[in-house]
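Structure data (mmCIF, C-alpha atoms and all ligand atoms) from upload.cif:
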```
data_structure
#
loop_
_atom_site.label_atom_id
_atom_site.label_comp_id
_atom_site.auth_asym_id
_atom_site.auth_seq_id
_atom_site.Cartn_x
_atom_site.Cartn_y
_atom_site.Cartn_z
CA MET A 1 -13.92 26.56 -16.66
CA THR A 2 -13.74 22.88 -17.56
CA ARG A 3 -11.82 20.39 -15.49
CA ASP A 4 -9.25 20.07 -18.28
CA GLN A 5 -8.57 23.79 -18.32
CA LEU A 6 -8.34 23.88 -14.54
CA ASP A 7 -5.94 20.99 -14.54
CA SER A 8 -3.81 22.29 -17.41
CA ARG A 9 -1.58 24.29 -15.08
CA THR A 10 0.33 22.53 -12.35
CA MET A 11 -0.38 24.41 -9.14
CA TYR A 12 -0.53 22.95 -5.67
CA TYR A 13 1.14 23.31 -2.32
CA GLY A 14 1.06 21.47 0.95
CA LYS A 15 2.98 19.79 3.74
CA GLY A 16 4.84 16.51 3.89
CA ASP A 17 6.07 14.40 6.78
CA VAL A 18 3.18 15.25 9.06
CA TRP A 19 3.69 12.56 11.67
CA VAL A 20 0.50 11.72 13.53
CA PHE A 21 0.46 9.39 16.52
CA ARG A 22 -2.97 8.83 17.98
CA SER A 23 -3.46 6.54 20.96
CA TYR A 24 -6.64 4.54 21.51
CA ALA A 25 -8.21 4.96 18.10
CA LYS A 26 -11.27 2.80 17.46
CA PRO A 27 -10.35 -0.89 17.15
CA LEU A 28 -10.66 -2.34 13.65
CA THR A 29 -13.25 -5.15 13.64
CA GLY A 30 -15.65 -6.76 11.16
CA ILE A 31 -12.85 -8.17 9.04
CA THR A 32 -13.62 -11.02 6.63
CA VAL A 33 -11.21 -13.73 7.75
CA ILE A 34 -9.45 -15.50 4.87
CA PRO A 35 -7.53 -18.81 4.91
CA GLU A 36 -4.26 -17.13 3.91
CA SER A 37 -4.11 -14.82 6.94
CA PRO A 38 -4.57 -14.94 10.71
CA PHE A 39 -5.54 -11.24 10.66
CA ARG A 40 -8.79 -10.61 12.53
CA GLY A 41 -8.57 -6.94 13.35
CA ARG A 42 -6.41 -4.43 15.15
CA GLU A 43 -6.65 -2.90 18.61
CA ASN A 44 -5.35 0.48 17.43
CA VAL A 45 -3.93 1.28 20.86
CA LEU A 46 -1.37 3.17 18.76
CA PHE A 47 -2.42 4.51 15.38
CA GLY A 48 0.48 6.16 13.55
CA MET A 49 0.67 7.81 10.15
CA ASN A 50 3.11 9.87 8.11
CA ILE A 51 0.91 12.13 6.00
CA LYS A 52 1.46 14.33 2.98
CA VAL A 53 -1.24 16.81 2.02
CA ALA A 54 -1.46 18.85 -1.19
CA VAL A 55 -4.18 21.38 -1.90
CA LYS A 56 -5.22 23.08 -5.10
CA GLY A 57 -7.51 25.90 -6.19
CA GLU A 58 -7.50 28.62 -8.84
CA ASP A 59 -7.64 31.23 -6.09
CA PHE A 60 -4.07 30.39 -5.14
CA LEU A 61 -2.81 31.72 -8.51
CA THR A 62 -2.00 35.20 -7.21
CA SER A 63 0.04 33.73 -4.39
CA PHE A 64 2.38 32.40 -7.08
CA THR A 65 2.15 35.30 -9.55
CA GLU A 66 1.87 38.35 -7.26
CA GLY A 67 3.10 37.24 -3.86
CA ASP A 68 -0.42 37.77 -2.53
CA ASN A 69 -0.75 35.62 0.56
CA SER A 70 -4.25 36.76 1.52
CA LEU A 71 -5.79 33.36 0.73
CA VAL A 72 -2.79 31.23 1.59
CA VAL A 73 -3.37 28.77 4.41
CA ALA A 74 0.13 28.35 5.84
CA THR A 75 1.41 24.81 5.48
CA ASP A 76 2.23 25.04 9.17
CA SER A 77 -1.50 25.52 9.81
CA MET A 78 -2.24 22.52 7.56
CA LYS A 79 -0.02 20.44 9.84
CA ASN A 80 -1.92 21.66 12.90
CA PHE A 81 -5.25 21.05 11.14
CA ILE A 82 -4.36 17.43 10.46
CA LEU A 83 -3.05 16.82 13.98
CA ARG A 84 -6.06 18.39 15.72
CA HIS A 85 -8.48 16.46 13.50
CA ALA A 86 -6.77 13.24 14.55
CA ALA A 87 -8.38 13.90 17.94
CA HIS A 88 -11.86 14.01 16.38
CA TYR A 89 -11.52 10.98 14.09
CA THR A 90 -13.91 8.24 15.16
CA GLY A 91 -12.91 5.57 12.62
CA ALA A 92 -10.33 2.80 12.60
CA THR A 93 -8.44 3.08 9.29
CA VAL A 94 -5.88 5.28 7.56
CA GLU A 95 -8.15 5.57 4.51
CA GLY A 96 -11.02 6.75 6.68
CA PHE A 97 -8.87 9.38 8.38
CA LEU A 98 -7.58 10.74 5.07
CA GLU A 99 -11.09 11.09 3.71
CA TYR A 100 -12.33 12.71 6.91
CA ALA A 101 -9.48 15.23 7.07
CA SER A 102 -9.54 16.10 3.36
CA ARG A 103 -13.30 16.76 3.43
CA ARG A 104 -12.81 19.01 6.48
CA PHE A 105 -10.14 21.01 4.60
CA ILE A 106 -12.57 21.71 1.74
CA GLU A 107 -15.42 22.55 4.13
CA THR A 108 -13.22 24.94 6.10
CA TYR A 109 -11.39 26.76 3.29
CA PRO A 110 -13.49 27.90 0.30
CA GLN A 111 -10.36 28.69 -1.74
CA MET A 112 -9.46 24.98 -1.80
CA THR A 113 -11.12 23.06 -4.64
CA GLY A 114 -9.17 19.84 -4.33
CA VAL A 115 -7.23 18.04 -1.61
CA ARG A 116 -4.97 15.04 -2.04
CA MET A 117 -3.75 13.21 1.03
CA ASN A 118 -1.21 10.44 1.02
CA ALA A 119 -0.31 8.42 4.11
CA THR A 120 2.04 5.70 5.15
CA GLN A 121 0.98 3.95 8.30
CA VAL A 122 3.64 3.69 11.00
CA PRO A 123 3.44 0.06 12.06
CA PHE A 124 3.63 -0.68 15.77
CA GLU A 125 3.82 -4.35 16.61
CA ASN A 126 2.86 -6.23 19.74
CA ILE A 127 5.71 -7.39 21.91
CA GLN A 128 5.58 -10.23 24.41
CA VAL A 129 6.42 -9.43 28.02
CA GLY A 130 6.82 -11.62 31.08
CA SER A 131 3.94 -11.78 33.55
CA PRO A 132 2.75 -14.10 36.36
CA ASP A 133 0.65 -15.87 33.66
CA GLY A 134 3.63 -16.45 31.37
CA ASN A 135 4.55 -14.41 28.31
CA ILE A 136 1.73 -12.18 27.13
CA PRO A 137 1.50 -9.39 24.53
CA SER A 138 1.85 -6.05 26.31
CA ASN A 139 -1.06 -3.65 25.89
CA LEU A 140 1.21 -0.73 26.81
CA VAL A 141 4.59 -1.29 25.15
CA PHE A 142 4.82 -1.63 21.36
CA LYS A 143 7.63 -2.19 18.92
CA TYR A 144 8.24 0.37 16.17
CA SER A 145 8.48 -1.79 13.07
CA HIS A 146 10.72 -1.10 10.10
CA ASN A 147 9.02 -3.73 7.97
CA GLU A 148 6.33 -3.21 5.34
CA SER A 149 3.59 -0.69 6.02
CA ALA A 150 0.08 0.10 4.91
CA GLY A 151 -0.52 3.17 2.78
CA ALA A 152 -3.36 5.11 1.23
CA ILE A 153 -4.09 7.98 -1.13
CA VAL A 154 -7.39 9.85 -1.02
CA GLU A 155 -8.39 12.78 -3.22
CA VAL A 156 -11.54 14.85 -2.83
CA GLU A 157 -12.83 17.70 -5.00
CA ARG A 158 -15.34 20.47 -4.54
CA CYS A 159 -18.22 20.03 -7.01
CA GLY A 160 -20.62 22.93 -6.53
CA GLU A 161 -22.20 22.46 -3.13
CA ASN A 162 -20.87 18.93 -2.77
CA ILE A 163 -17.54 17.35 -1.94
CA GLU A 164 -16.84 14.32 -4.06
CA LEU A 165 -14.28 11.60 -3.78
CA SER A 166 -12.17 11.63 -6.97
CA TYR A 167 -9.54 9.01 -6.10
CA ALA A 168 -8.90 6.36 -3.47
CA GLN A 169 -6.21 3.72 -3.38
CA SER A 170 -4.92 1.49 -0.58
CA SER A 171 -1.48 -0.10 -0.47
CA VAL A 172 0.99 -2.28 1.27
CA LYS A 173 4.43 -0.82 0.64
CA ASN A 174 7.97 -2.05 0.98
CA LEU A 175 7.09 -5.70 1.48
CA ARG A 176 10.32 -7.73 1.26
CA LEU A 177 9.97 -11.49 0.78
CA ILE A 178 12.70 -14.07 0.27
CA LYS A 179 12.01 -17.65 -0.81
CA VAL A 180 15.09 -19.84 -0.28
CA LYS A 181 14.28 -22.40 -2.97
CA GLY A 182 11.58 -23.24 -5.48
CA SER A 183 11.85 -20.34 -7.96
CA GLY A 184 13.21 -20.54 -11.47
CA PHE A 185 13.90 -18.25 -14.41
CA ALA A 186 14.49 -19.86 -17.78
CA GLY A 187 13.32 -19.80 -21.40
CA PHE A 188 13.97 -16.06 -21.88
CA VAL A 189 15.47 -14.56 -25.03
CA ARG A 190 19.04 -15.70 -25.64
CA ASP A 191 21.07 -13.57 -28.01
CA GLU A 192 24.45 -11.87 -28.19
CA TYR A 193 23.55 -9.67 -25.17
CA THR A 194 22.65 -12.55 -22.87
CA THR A 195 25.02 -13.53 -20.09
CA LEU A 196 22.48 -14.61 -17.45
CA PRO A 197 22.34 -18.40 -17.09
CA GLU A 198 18.98 -20.14 -16.94
CA THR A 199 18.08 -21.37 -13.47
CA SER A 200 15.53 -23.81 -12.16
CA ASP A 201 16.18 -22.84 -8.56
CA ARG A 202 17.17 -19.39 -7.37
CA PRO A 203 16.93 -17.66 -3.97
CA LEU A 204 14.26 -15.21 -5.06
CA PHE A 205 14.17 -12.01 -3.02
CA ILE A 206 11.50 -9.51 -4.07
CA PHE A 207 10.53 -6.03 -2.97
CA LEU A 208 6.81 -5.49 -3.52
CA ASP A 209 4.36 -2.61 -3.41
CA ILE A 210 0.76 -3.76 -3.87
CA HIS A 211 -2.12 -1.33 -4.45
CA TRP A 212 -5.87 -1.97 -4.56
CA LYS A 213 -9.09 -0.11 -5.34
CA TYR A 214 -12.62 -1.00 -4.28
CA LYS A 215 -15.62 -1.31 -6.61
CA ASN A 216 -17.44 0.89 -4.13
CA PRO A 217 -14.89 3.21 -2.50
CA ALA A 218 -17.06 3.44 0.63
CA ASP A 219 -15.98 -0.13 1.49
CA GLY A 220 -12.40 1.06 1.93
CA LEU A 221 -13.21 4.34 3.66
CA ASP A 222 -15.89 3.30 6.13
CA ASP A 223 -14.79 0.48 8.42
CA THR A 224 -18.34 -0.19 9.63
CA ARG A 225 -19.40 -1.79 6.32
CA ASP A 226 -17.52 -5.04 7.10
CA SER A 227 -15.86 -5.03 3.65
CA TYR A 228 -12.57 -3.39 4.58
CA VAL A 229 -9.49 -5.24 3.33
CA ASP A 230 -6.43 -4.80 5.53
CA ALA A 231 -2.88 -4.48 4.23
CA GLU A 232 -1.85 -7.36 6.51
CA GLN A 233 -4.27 -9.66 4.67
CA ILE A 234 -2.86 -8.62 1.30
CA ARG A 235 0.66 -9.20 2.63
CA ASP A 236 -0.30 -12.66 3.86
CA ILE A 237 -1.89 -13.59 0.52
CA ALA A 238 1.34 -12.57 -1.24
CA ALA A 239 3.39 -14.74 1.14
CA THR A 240 1.03 -17.72 0.80
CA VAL A 241 1.05 -17.65 -3.01
CA PHE A 242 4.84 -17.25 -3.02
CA HIS A 243 5.13 -20.21 -0.61
CA GLU A 244 2.80 -22.47 -2.59
CA ASN A 245 4.03 -21.89 -6.13
CA ASN A 246 7.17 -22.85 -7.95
CA SER A 247 7.38 -19.58 -9.86
CA PRO A 248 8.93 -19.34 -13.34
CA SER A 249 9.33 -15.54 -13.01
CA ILE A 250 8.33 -12.57 -10.88
CA GLN A 251 5.92 -11.56 -13.66
CA TYR A 252 3.92 -14.80 -13.24
CA LEU A 253 4.22 -14.74 -9.46
CA ILE A 254 2.59 -11.32 -9.15
CA TYR A 255 -0.15 -12.39 -11.56
CA LEU A 256 -0.95 -15.37 -9.31
CA ILE A 257 -0.92 -13.13 -6.23
CA GLY A 258 -3.30 -10.75 -7.99
CA LEU A 259 -5.69 -13.58 -8.89
CA ARG A 260 -5.78 -14.78 -5.28
CA ILE A 261 -6.43 -11.27 -3.96
CA LEU A 262 -9.28 -10.72 -6.44
CA LYS A 263 -10.71 -14.15 -5.64
CA ASN A 264 -10.71 -13.60 -1.89
CA PHE A 265 -12.07 -10.08 -2.09
CA SER A 266 -14.80 -9.64 -4.69
CA GLN A 267 -15.35 -6.12 -3.29
CA LEU A 268 -12.08 -5.08 -4.97
CA GLU A 269 -12.10 -3.81 -8.53
CA GLU A 270 -8.39 -3.58 -9.24
CA VAL A 271 -5.07 -4.66 -7.82
CA SER A 272 -1.69 -3.47 -9.07
CA PHE A 273 1.93 -4.24 -8.39
CA GLU A 274 5.35 -2.69 -8.49
CA SER A 275 8.00 -5.30 -7.84
CA SER A 276 11.76 -5.23 -7.76
CA ASN A 277 14.08 -8.20 -8.24
CA ARG A 278 16.68 -8.55 -5.47
CA THR A 279 17.60 -12.21 -6.07
CA TRP A 280 20.60 -13.04 -3.91
CA GLU A 281 23.89 -13.87 -5.54
CA THR A 282 24.93 -17.45 -4.82
CA ILE A 283 28.51 -17.67 -3.51
CA VAL A 284 28.70 -21.30 -2.36
CA GLU A 285 26.21 -23.67 -3.99
CA THR A 286 26.50 -26.44 -1.36
CA VAL A 287 28.04 -26.07 2.09
CA ASP A 288 30.32 -28.79 3.45
CA GLU A 289 27.64 -30.62 5.41
CA GLY A 290 23.96 -30.56 4.67
CA PRO A 291 21.78 -28.85 2.14
CA GLY A 292 22.72 -25.19 2.74
CA SER A 293 24.20 -22.56 0.41
CA VAL A 294 25.84 -19.18 0.97
CA PHE A 295 24.43 -16.03 -0.64
CA THR A 296 25.15 -12.34 -0.69
CA GLU A 297 23.25 -9.18 -1.65
CA PRO A 298 22.87 -8.58 -5.40
CA ARG A 299 24.65 -5.70 -7.03
CA PRO A 300 22.75 -2.97 -8.87
CA PRO A 301 21.18 -2.45 -11.34
CA TYR A 302 17.87 -4.03 -10.32
CA GLY A 303 15.02 -5.25 -12.51
CA PHE A 304 11.42 -4.27 -11.88
CA GLN A 305 7.88 -5.12 -12.99
CA GLY A 306 4.60 -3.19 -13.01
CA PHE A 307 1.24 -4.88 -13.53
CA SER A 308 -2.42 -4.11 -12.87
CA MET A 309 -5.35 -6.53 -12.87
CA THR A 310 -9.12 -6.37 -12.52
CA GLN A 311 -11.91 -8.83 -11.73
CA GLU A 312 -12.06 -9.43 -15.51
CA ASP A 313 -8.65 -11.08 -15.35
CA LEU A 314 -9.90 -13.42 -12.62
CA ALA A 315 -13.02 -14.26 -14.65
CA ALA A 316 -10.87 -14.96 -17.74
CA TYR A 317 -8.55 -17.19 -15.68
CA GLU A 318 -11.44 -19.12 -14.17
CA ASN A 319 -12.96 -19.67 -17.62
CA LYS A 320 -9.80 -21.38 -18.83
CA PRO A 321 -10.74 -25.05 -18.25
CA GLN A 322 -7.23 -26.41 -17.69
CA GLU A 323 -6.41 -24.05 -14.86
CA ALA A 324 -9.78 -23.45 -13.21
CA GLY A 325 -9.77 -23.97 -9.48
CA SER A 326 -6.01 -24.10 -9.06
CA ILE A 327 -5.58 -20.75 -7.36
O1 LIG B 1 11.59 -12.95 -12.66
C1 LIG B 1 12.37 -12.39 -13.45
N1 LIG B 1 11.86 -11.69 -14.51
C2 LIG B 1 12.66 -11.05 -15.42
O2 LIG B 1 12.16 -10.42 -16.37
C3 LIG B 1 14.06 -11.15 -15.23
N2 LIG B 1 15.14 -10.64 -15.91
C4 LIG B 1 16.24 -11.05 -15.26
O3 LIG B 1 17.43 -10.77 -15.60
N3 LIG B 1 15.92 -11.81 -14.17
C5 LIG B 1 14.56 -11.87 -14.13
N4 LIG B 1 13.71 -12.48 -13.25
#
```
Represent the supplied structure as structure tokens.
Ligand SMILES: O=c1[nH]c(=O)c2[nH]c(=O)[nH]c2[nH]1
Amino acid sequence: MTRDQLDSRTMYYGKGDVWVFRSYAKPLTGITVIPESPFRGRENVLFGMNIKVAVKGEDFLTSFTEGDNSLVVATDSMKNFILRHAAHYTGATVEGFLEYASRRFIETYPQMTGVRMNATQVPFENIQVGSPDGNIPSNLVFKYSHNESAGAIVEVERCGENIELSYAQSSVKNLRLIKVKGSGFAGFVRDEYTTLPETSDRPLFIFLDIHWKYKNPADGLDDTRDSYVDAEQIRDIAATVFHENNSPSIQYLIYLIGLRILKNFSQLEEVSFESSNRTWETIVETVDEGPGSVFTEPRPPYGFQGFSMTQEDLAAYENKPQEAGSI
């Protein structure tokens, strides 16, 4: 049967919200340090993930059509499988764990021909504590963060005797950045439907998900190759580009962020964005004393943008003489 025929029917099952907390995973080292970010690695004293696994295979058909459970691996067992394999994982990244666990699923269960694993890292942050030497980051107590988090999707497929990687993507999700001044939005279509005034300065609040793929997926899966790009570095590039540029729109801002990511990390093939516009509503333009204003949350509905870029976009940008070197 061809891949198309196999894929023509939707059929999968799995488990979501598998929360994995592993202490003392291997520290992440060998990071390429970039000017935009202080990130140099991670201790991984606490390594947390929320995982979703979905498996597929033609042999599961009778479980749907005849109630035949003889080949069904209970999703409860999938949860246990993931948790127990977290004890055996010797790497330092979410991507690496997903690849490791999904390959083990295929090796263990012949009825599975494809496994897709999706994870959101649970970020634990250092917290400073008092000590005789002053305030130091605790190596025992961590802060559960509700800020942005790293994410990854890994898909592997059985191909005859081999297990092949069919998809890998890394992400930083739910990044929320506000720039108090220095963003405009003007020059857009004005017609009978337009009520939005043009602005040269708005308090631009954006929600951002950024995804990236490596030219060689091994660079993102194997942290010993010294080419791993961490979500914190991508986050810091986004913040730096936002800080530096007077943006005329979110569309152009994410393009500039993409260029800077591709420039810093030539090992990446593609970067893509999903952004949402949460620009604050201005209530008081100028407060009584000083330069401040008063804002409130915007009301729905919210605008959004989606954009993907490759190294070809960076090459095209750098070949444009007037702009070369400015990112
Ligand atoms: O950066 C923006 N891009 C848009 O396309 C848009 N549309 C809108 O109403 N506000 C904005 N802001």
Please extract the residues at most 6 Å from ligand LIG 1 (chain B), counting all atoms listed in the file, and provide them as an MDAnalysis selection string, using the chain letters and residue numbers of this document. chainID A and resid 185 249:251
Polymer residues at most 12 Å from region 136-140 of chain A, all atoms listed in the file, same-chain spacing of 4 or more positions, as a PDB file with C-alpha atoms, in the coordinates of the input:
```pdb
ATOM      1  CA  SER A  23      -3.460   6.540  20.960  1.00  0.00           C
ATOM      2  CA  TYR A  24      -6.640   4.540  21.510  1.00  0.00           C
ATOM      3  CA  GLU A  43      -6.650  -2.900  18.610  1.00  0.00           C
ATOM      4  CA  ASN A  44      -5.350   0.480  17.430  1.00  0.00           C
ATOM      5  CA  VAL A  45      -3.930   1.280  20.860  1.00  0.00           C
ATOM      6  CA  LEU A  46      -1.370   3.170  18.760  1.00  0.00           C
ATOM      7  CA  PHE A 124       3.630  -0.680  15.770  1.00  0.00           C
ATOM      8  CA  GLU A 125       3.820  -4.350  16.610  1.00  0.00           C
ATOM      9  CA  ASN A 126       2.860  -6.230  19.740  1.00  0.00           C
ATOM     10  CA  ILE A 127       5.710  -7.390  21.910  1.00  0.00           C
ATOM     11  CA  GLN A 128       5.580 -10.230  24.410  1.00  0.00           C
ATOM     12  CA  VAL A 129       6.420  -9.430  28.020  1.00  0.00           C
ATOM     13  CA  GLY A 130       6.820 -11.620  31.080  1.00  0.00           C
ATOM     14  CA  SER A 131       3.940 -11.780  33.550  1.00  0.00           C
ATOM     15  CA  PRO A 132       2.750 -14.100  36.360  1.00  0.00           C
TER      16      PRO A 132
END
```
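A straight line drawn from CA of Tyr317 (chain A) to CA of Lys215 (chain A) is 19.6 Å long.
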Go ahead and fit an axis-aligned box to every listed atom of region 155-174 of chain A plus 3 Å each side, and pass me the centre and edge lengths in Å, one decimal, as AutoDock Vina command-line options.
```
--center_x -7.1 --center_y 10.3 --center_z -2.9 --size_x 36.2 --size_y 31.2 --size_z 14.3
```
Nearest candidate to Lys263 (chain A) (options A:Ala74, A:Ala87, A:Val115, A:Ala315; using only C-alpha atoms):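 That would be A:Ala315, the residue with the smallest distance to Lys263 (chain A).
Among the candidates A:Arg42, A:Lys213, A:Arg84, A:Arg9, the one nearest to Glu269 (chain A) when counting all atoms listed in the file is A:Lys213.
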In Å, with one decimal, what is the gap from CA of Ser171 (chain A) to CA of Ala152 (chain A)?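 These atoms are spaced 5.8 Å apart.
Non-sequential neighbours of Glu157 (chain A) (distance at most 7 Å, separation of 6 or more positions within a chain, all atoms listed in the file) are Thr113, Gly114, Val115, Ile163, Glu164, Leu165 and Ser166 of chain A.
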Just C-alpha atoms for this one: save the residues we selected as a compact mmCIF listing (two decimals), keeping the file's coordinate frame.
```
# COMPACT_ATOMS: atom_id res chain seq x y z
CA THR A 113 -11.12 23.06 -4.64
CA GLY A 114 -9.17 19.84 -4.33
CA VAL A 115 -7.23 18.04 -1.61
CA ILE A 163 -17.54 17.35 -1.94
CA GLU A 164 -16.84 14.32 -4.06
CA LEU A 165 -14.28 11.60 -3.78
CA SER A 166 -12.17 11.63 -6.97
```
Set the distance at 10 Å and use all atoms listed in the file: which residues neighbour Val229 (chain A) once local chain neighbours fewer than 6 positions away are removed? I'd like the list as a PyMOL selection string. chain A and resi 31-33+170+212+214+219-220+223+261+264-265+267-268
Taking C-alpha atoms for each residue, export the selection above as a CSV table (one decimal), in the frame of the given file.
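Dumped to selection.csv:
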```
chain,number,residue,atom,x,y,z
A,31,ILE,CA,-12.8,-8.2,9.0
A,32,THR,CA,-13.6,-11.0,6.6
A,33,VAL,CA,-11.2,-13.7,7.8
A,170,SER,CA,-4.9,1.5,-0.6
A,212,TRP,CA,-5.9,-2.0,-4.6
A,214,TYR,CA,-12.6,-1.0,-4.3
A,219,ASP,CA,-16.0,-0.1,1.5
A,220,GLY,CA,-12.4,1.1,1.9
A,223,ASP,CA,-14.8,0.5,8.4
A,261,ILE,CA,-6.4,-11.3,-4.0
A,264,ASN,CA,-10.7,-13.6,-1.9
A,265,PHE,CA,-12.1,-10.1,-2.1
A,267,GLN,CA,-15.4,-6.1,-3.3
A,268,LEU,CA,-12.1,-5.1,-5.0
```
Selection as a PyMOL selection string: residues within 9 Å of (-6.9, 33.1, 1.9), counting only C-alpha atoms: chain A and resi 59-60+69-73+109-111
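Reported to one decimal place, the separation of CA of Ile178 (chain A) from CA of Ile206 (chain A) is 6.4 Å.
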If you count all atoms listed in the file, which residues fall within 7 Å of region 273-285 of chain A, apart from same-chain ones fewer than 2 positions away, as a PyMOL selection string? chain A and resi 203-211+287+293-298+302-308
Which residue gives the smallest distance to Gly160 (chain A) among A:Gly134, A:Glu148, A:Asn50, A:Glu107, with all atoms listed in the file counted?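 Of all the options, A:Glu107 lies closest to Gly160 (chain A).
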